[in-house]
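Heads up, run30.cif below (mmCIF, C-alpha atoms):
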```cif
data_entry
loop_
_atom_site.label_atom_id
_atom_site.label_comp_id
_atom_site.auth_asym_id
_atom_site.auth_seq_id
_atom_site.Cartn_x
_atom_site.Cartn_y
_atom_site.Cartn_z
CA MET B 1 5.58 33.98 -1.77
CA PRO B 2 6.34 31.94 1.38
CA ILE B 3 4.35 28.78 1.93
CA PRO B 4 3.62 28.32 5.63
CA THR B 5 2.83 24.78 6.74
CA PRO B 6 -0.80 24.97 7.86
CA THR B 7 -2.88 22.91 10.22
CA LEU B 8 -6.15 22.02 8.52
CA GLU B 9 -9.23 20.26 9.84
CA THR B 10 -12.07 18.46 8.13
CA ASP B 11 -14.97 16.64 9.74
CA ARG B 12 -12.85 13.53 10.29
CA LEU B 13 -9.24 14.55 9.77
CA ARG B 14 -6.51 16.85 11.03
CA LEU B 15 -3.70 17.73 8.64
CA ARG B 16 -0.74 19.15 10.51
CA PRO B 17 3.01 19.72 10.27
CA PHE B 18 5.09 16.63 10.91
CA ALA B 19 6.48 16.22 14.43
CA ASP B 20 9.63 14.38 15.44
CA ASP B 21 7.53 11.70 17.13
CA ASP B 22 5.82 10.84 13.80
CA THR B 23 8.91 8.99 12.59
CA ASP B 24 7.87 5.48 13.74
CA ASP B 25 4.45 5.76 12.08
CA LEU B 26 5.98 7.32 8.98
CA TYR B 27 8.56 4.56 8.68
CA ALA B 28 5.85 1.89 9.11
CA LEU B 29 3.89 3.53 6.28
CA MET B 30 6.76 4.07 3.88
CA SER B 31 8.30 0.64 4.44
CA ASP B 32 5.05 -1.19 3.67
CA ARG B 33 5.54 -2.90 0.32
CA GLU B 34 1.79 -2.99 -0.40
CA VAL B 35 1.37 0.75 0.31
CA LEU B 36 4.27 1.58 -2.01
CA ARG B 37 3.27 -0.96 -4.66
CA TYR B 38 2.61 1.81 -7.22
CA TRP B 39 5.03 4.39 -5.81
CA ASP B 40 7.93 5.71 -7.88
CA ALA B 41 10.49 4.47 -5.33
CA PRO B 42 10.96 1.24 -3.41
CA PRO B 43 9.85 0.83 0.21
CA TRP B 44 12.15 2.27 2.84
CA THR B 45 14.55 -0.14 4.53
CA ASP B 46 16.35 2.33 6.81
CA PRO B 47 14.35 3.65 9.80
CA ASP B 48 16.52 6.81 9.83
CA ARG B 49 14.93 7.74 6.52
CA ALA B 50 11.81 8.87 8.41
CA ALA B 51 13.74 11.50 10.39
CA ARG B 52 15.34 12.73 7.16
CA PHE B 53 11.89 12.97 5.56
CA VAL B 54 10.57 15.05 8.47
CA GLN B 55 13.60 17.33 8.21
CA GLY B 56 13.03 17.52 4.46
CA CYS B 57 9.47 18.72 5.13
CA ARG B 58 10.88 21.55 7.25
CA ASP B 59 13.48 22.38 4.60
CA MET B 60 10.78 22.43 1.91
CA GLU B 61 8.79 24.99 3.90
CA ARG B 62 11.86 27.12 4.67
CA GLU B 63 12.84 27.16 0.99
CA ASP B 64 9.25 27.97 -0.12
CA LEU B 65 9.04 24.85 -2.28
CA GLY B 66 5.87 23.42 -0.79
CA THR B 67 4.46 21.71 2.26
CA ARG B 68 3.85 18.18 3.47
CA LEU B 69 1.29 17.42 6.16
CA ALA B 70 0.73 14.44 8.42
CA VAL B 71 -2.84 13.18 8.08
CA THR B 72 -4.35 12.05 11.37
CA ALA B 73 -7.78 11.02 12.61
CA ARG B 74 -9.36 13.99 14.29
CA ALA B 75 -11.09 11.82 16.90
CA ASP B 76 -8.03 10.12 18.37
CA GLY B 77 -4.92 11.39 16.54
CA THR B 78 -4.19 8.09 14.79
CA PHE B 79 -1.59 8.59 12.04
CA LEU B 80 -3.23 7.74 8.69
CA GLY B 81 -0.64 8.98 6.21
CA TRP B 82 0.45 12.22 4.61
CA CYS B 83 -0.23 14.55 1.72
CA GLY B 84 1.76 17.35 0.20
CA LEU B 85 1.86 20.27 -2.15
CA THR B 86 5.28 20.15 -3.77
CA ASP B 87 7.38 21.74 -6.50
CA TRP B 88 5.78 25.16 -6.01
CA ASP B 89 6.77 27.40 -8.93
CA PRO B 90 5.54 30.96 -8.40
CA GLY B 91 6.54 31.98 -11.93
CA PHE B 92 4.32 29.36 -13.51
CA ARG B 93 1.86 29.44 -10.58
CA SER B 94 1.99 25.66 -10.49
CA ALA B 95 2.65 22.87 -8.01
CA GLY B 96 2.35 19.14 -7.63
CA VAL B 97 0.24 17.15 -5.19
CA THR B 98 1.09 13.85 -3.50
CA TYR B 99 -0.63 11.64 -0.96
CA CYS B 100 0.11 8.34 0.74
CA LEU B 101 -2.20 6.54 3.16
CA ALA B 102 -1.80 3.47 5.35
CA ARG B 103 -3.64 0.34 4.27
CA ASP B 104 -6.07 0.62 7.19
CA ALA B 105 -7.07 4.05 5.85
CA TRP B 106 -7.89 2.82 2.34
CA GLY B 107 -11.50 2.79 1.17
CA HIS B 108 -12.81 5.35 3.67
CA GLY B 109 -12.56 8.49 1.53
CA TYR B 110 -9.64 9.87 3.56
CA GLY B 111 -7.47 10.43 0.48
CA THR B 112 -10.14 12.55 -1.17
CA GLU B 113 -10.93 14.39 2.07
CA ALA B 114 -7.31 15.16 2.97
CA THR B 115 -6.19 16.10 -0.52
CA GLY B 116 -9.32 18.19 -1.05
CA ALA B 117 -8.61 20.16 2.15
CA LEU B 118 -5.02 20.73 1.07
CA LEU B 119 -6.14 21.91 -2.38
CA ASP B 120 -8.77 24.23 -0.91
CA TRP B 121 -6.09 25.77 1.31
CA ALA B 122 -3.56 26.03 -1.53
CA TYR B 123 -5.94 27.70 -3.98
CA ALA B 124 -7.12 30.12 -1.26
CA THR B 125 -3.58 30.96 -0.05
CA LEU B 126 -1.36 30.96 -3.13
CA PRO B 127 -1.64 32.57 -6.56
CA LEU B 128 -1.89 28.99 -7.81
CA ASN B 129 -3.28 28.24 -11.25
CA ARG B 130 -2.36 24.59 -11.87
CA VAL B 131 -1.74 21.46 -9.82
CA GLN B 132 -0.36 18.39 -11.51
CA THR B 133 0.33 14.83 -10.43
CA GLU B 134 1.05 11.43 -11.88
CA VAL B 135 -0.54 8.07 -11.07
CA ASP B 136 0.64 4.60 -12.00
CA THR B 137 -1.84 3.25 -14.57
CA ARG B 138 -2.22 0.07 -12.47
CA ASN B 139 -3.65 2.13 -9.58
CA PRO B 140 -7.26 2.97 -10.49
CA ALA B 141 -8.17 3.73 -6.84
CA SER B 142 -5.76 6.68 -6.80
CA ALA B 143 -7.04 7.83 -10.19
CA ARG B 144 -10.59 7.85 -8.75
CA VAL B 145 -9.45 10.04 -5.84
CA LEU B 146 -8.09 12.61 -8.29
CA GLU B 147 -11.14 12.50 -10.54
CA LYS B 148 -13.44 13.07 -7.52
CA LEU B 149 -11.39 16.19 -6.80
CA GLY B 150 -11.89 17.51 -10.34
CA PHE B 151 -8.53 16.51 -11.85
CA VAL B 152 -8.53 15.77 -15.58
CA ARG B 153 -6.49 12.95 -17.06
CA GLU B 154 -4.31 14.71 -19.62
CA GLY B 155 -2.18 11.92 -21.00
CA THR B 156 -0.02 8.87 -20.45
CA LEU B 157 3.70 8.77 -19.85
CA ARG B 158 4.76 5.47 -21.33
CA GLU B 159 7.26 3.37 -19.37
CA ASP B 160 8.30 6.38 -17.30
CA CYS B 161 9.04 4.53 -14.04
CA VAL B 162 11.23 1.58 -13.20
CA VAL B 163 10.90 0.50 -9.58
CA ASP B 164 12.51 -2.71 -8.36
CA GLY B 165 13.11 -3.62 -12.00
CA GLU B 166 9.44 -3.30 -12.97
CA VAL B 167 8.58 -0.85 -15.77
CA SER B 168 5.27 1.00 -15.58
CA ASP B 169 3.27 3.75 -17.26
CA SER B 170 1.80 6.80 -15.52
CA TRP B 171 -1.24 8.92 -16.15
CA VAL B 172 -0.75 12.68 -15.91
CA TYR B 173 -3.54 14.57 -14.15
CA GLY B 174 -4.04 18.32 -13.97
CA LEU B 175 -6.34 20.60 -12.01
CA LEU B 176 -6.77 24.25 -12.96
CA ARG B 177 -8.01 26.95 -10.62
CA ARG B 178 -11.07 27.46 -12.83
CA ASP B 179 -11.88 23.74 -12.61
CA ARG B 180 -11.77 23.68 -8.81
CA GLY B 181 -15.04 25.54 -8.62
#
```

Please rewrite the model in this file as structure tokens.
Amino acid sequence: MPIPTPTLETDRLRLRPFADDDTDDLYALMSDREVLRYWDAPPWTDPDRAARFVQGCRDMEREDLGTRLAVTARADGTFLGWCGLTDWDPGFRSAGVTYCLARDAWGHGYGTEATGALLDWAYATLPLNRVQTEVDTRNPASARVLEKLGFVREGTLREDCVVDGEVSDSWVYGLLRRDRG
């Protein structure tokens, strides 16, 4: 089943396909060491990486593997970050979810709002049964976002990431269609 990249709106946010002119904001986000502190890859150091990411979003849609959306403020279009539904597997009716927000967007409920809108769309559009994600155990704020959305912590992957030489554990979270309510 093809996964079209939607445009979604909430009271405060617009989630939309990435545009070529998002690359400067995207690079600023993904090169911020504090934003990527708990990410499974180091901060970007090459500005061209942003253009490759945007092209990768288009490739992902074309290959029916998922979708990534720019998250912007509905009032003025300010770029706040992105979220995505990835690793779509129609046979298992499963996918992953990811989100990344700029520091200025932290603590305002945008992560929950954006990811919730994406999940609502995904469960309404796809024959999706399960969404899974992982969170660094040192990142309780991200774990709270998932728990507010109904995700259940299912286990711990011990020492599963090594980023910049630092080993860390991850919590595995899952959300089933029947849990989404």

Can you turn the PyMOL selection byres ((chain B and resi 16) around 10) into a concrete residue list for this file, as a list of chain:residue names?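 Against this file, the PyMOL selection byres ((chain B and resi 16) around 10) returns the residues B:Thr5, B:Pro6, B:Thr7, B:Leu8, B:Glu9, B:Leu13, B:Arg14, B:Leu15, B:Pro17, B:Phe18, B:Ala19, B:Arg68, B:Leu69, B:Ala70, B:Val71, B:Thr72, B:Trp82, B:Cys83.
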
The PyMOL selection byres ((chain B and resi 121-134) around 6) resolved against shown file, as a PyMOL selection string: chain B and resi 93-97+118-120+135+170-177

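Taking only C-alpha atoms into account, Arg153 of chain B lies nearest to B:Pro140 out of the set B:Pro140, B:Gly66, B:Pro47, B:Gly111.
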
Residues matched by the PyMOL selection byres ((chain B and resi 139) around 12), written as JSON, numbers by chain: {"B": [34, 35, 36, 37, 38, 39, 134, 135, 136, 137, 138, 140, 141, 142, 143, 144, 145, 146, 168, 169, 170, 171]}

What does the file look like for those residues with C-alpha atoms, as a short mmCIF file (atom, residue, chain, number, x, y, z; two decimals), in the coordinates of the input?
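That gives us result.cif:
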```cif
data_model
loop_
_atom_site.label_atom_id
_atom_site.label_comp_id
_atom_site.auth_asym_id
_atom_site.auth_seq_id
_atom_site.Cartn_x
_atom_site.Cartn_y
_atom_site.Cartn_z
CA GLU B 34 1.79 -2.99 -0.40
CA VAL B 35 1.37 0.75 0.31
CA LEU B 36 4.27 1.58 -2.01
CA ARG B 37 3.27 -0.96 -4.66
CA TYR B 38 2.61 1.81 -7.22
CA TRP B 39 5.03 4.39 -5.81
CA GLU B 134 1.05 11.43 -11.88
CA VAL B 135 -0.54 8.07 -11.07
CA ASP B 136 0.64 4.60 -12.00
CA THR B 137 -1.84 3.25 -14.57
CA ARG B 138 -2.22 0.07 -12.47
CA PRO B 140 -7.26 2.97 -10.49
CA ALA B 141 -8.17 3.73 -6.84
CA SER B 142 -5.76 6.68 -6.80
CA ALA B 143 -7.04 7.83 -10.19
CA ARG B 144 -10.59 7.85 -8.75
CA VAL B 145 -9.45 10.04 -5.84
CA LEU B 146 -8.09 12.61 -8.29
CA SER B 168 5.27 1.00 -15.58
CA ASP B 169 3.27 3.75 -17.26
CA SER B 170 1.80 6.80 -15.52
CA TRP B 171 -1.24 8.92 -16.15
#
```

Glu63 of chain B surroundings by all atoms listed in the file, 12 Å radius, close-in-sequence under 4 positions cut, as a ChimeraX atom specification: /B:1-5,56-59,67,86-89

Gap from atom CA of Phe151 of chain B to atom CA of Tyr110 of chain B - Å, one decimal: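 That distance, rounded to one decimal, is 16.8 Å.
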
By how many Å are atom CA of Gly84 of chain B and atom CA of Tyr99 of chain B apart? 6.3 Å

One decimal place gives the atom CA of Gly81 of chain B-atom CA of Cys100 of chain B separation as 5.6 Å

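Among the candidates B:Arg178, B:Arg158, B:His108, B:Arg74, the residue lying nearest to Thr10 of chain B is B:Arg74 (atoms considered: all atoms listed in the file).
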
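Distances here use all atoms listed in the file; by that measure, the residue among B:Ala41, B:Gly91, B:Arg49, B:Val54 closest to Asp21 of chain B is B:Val54.
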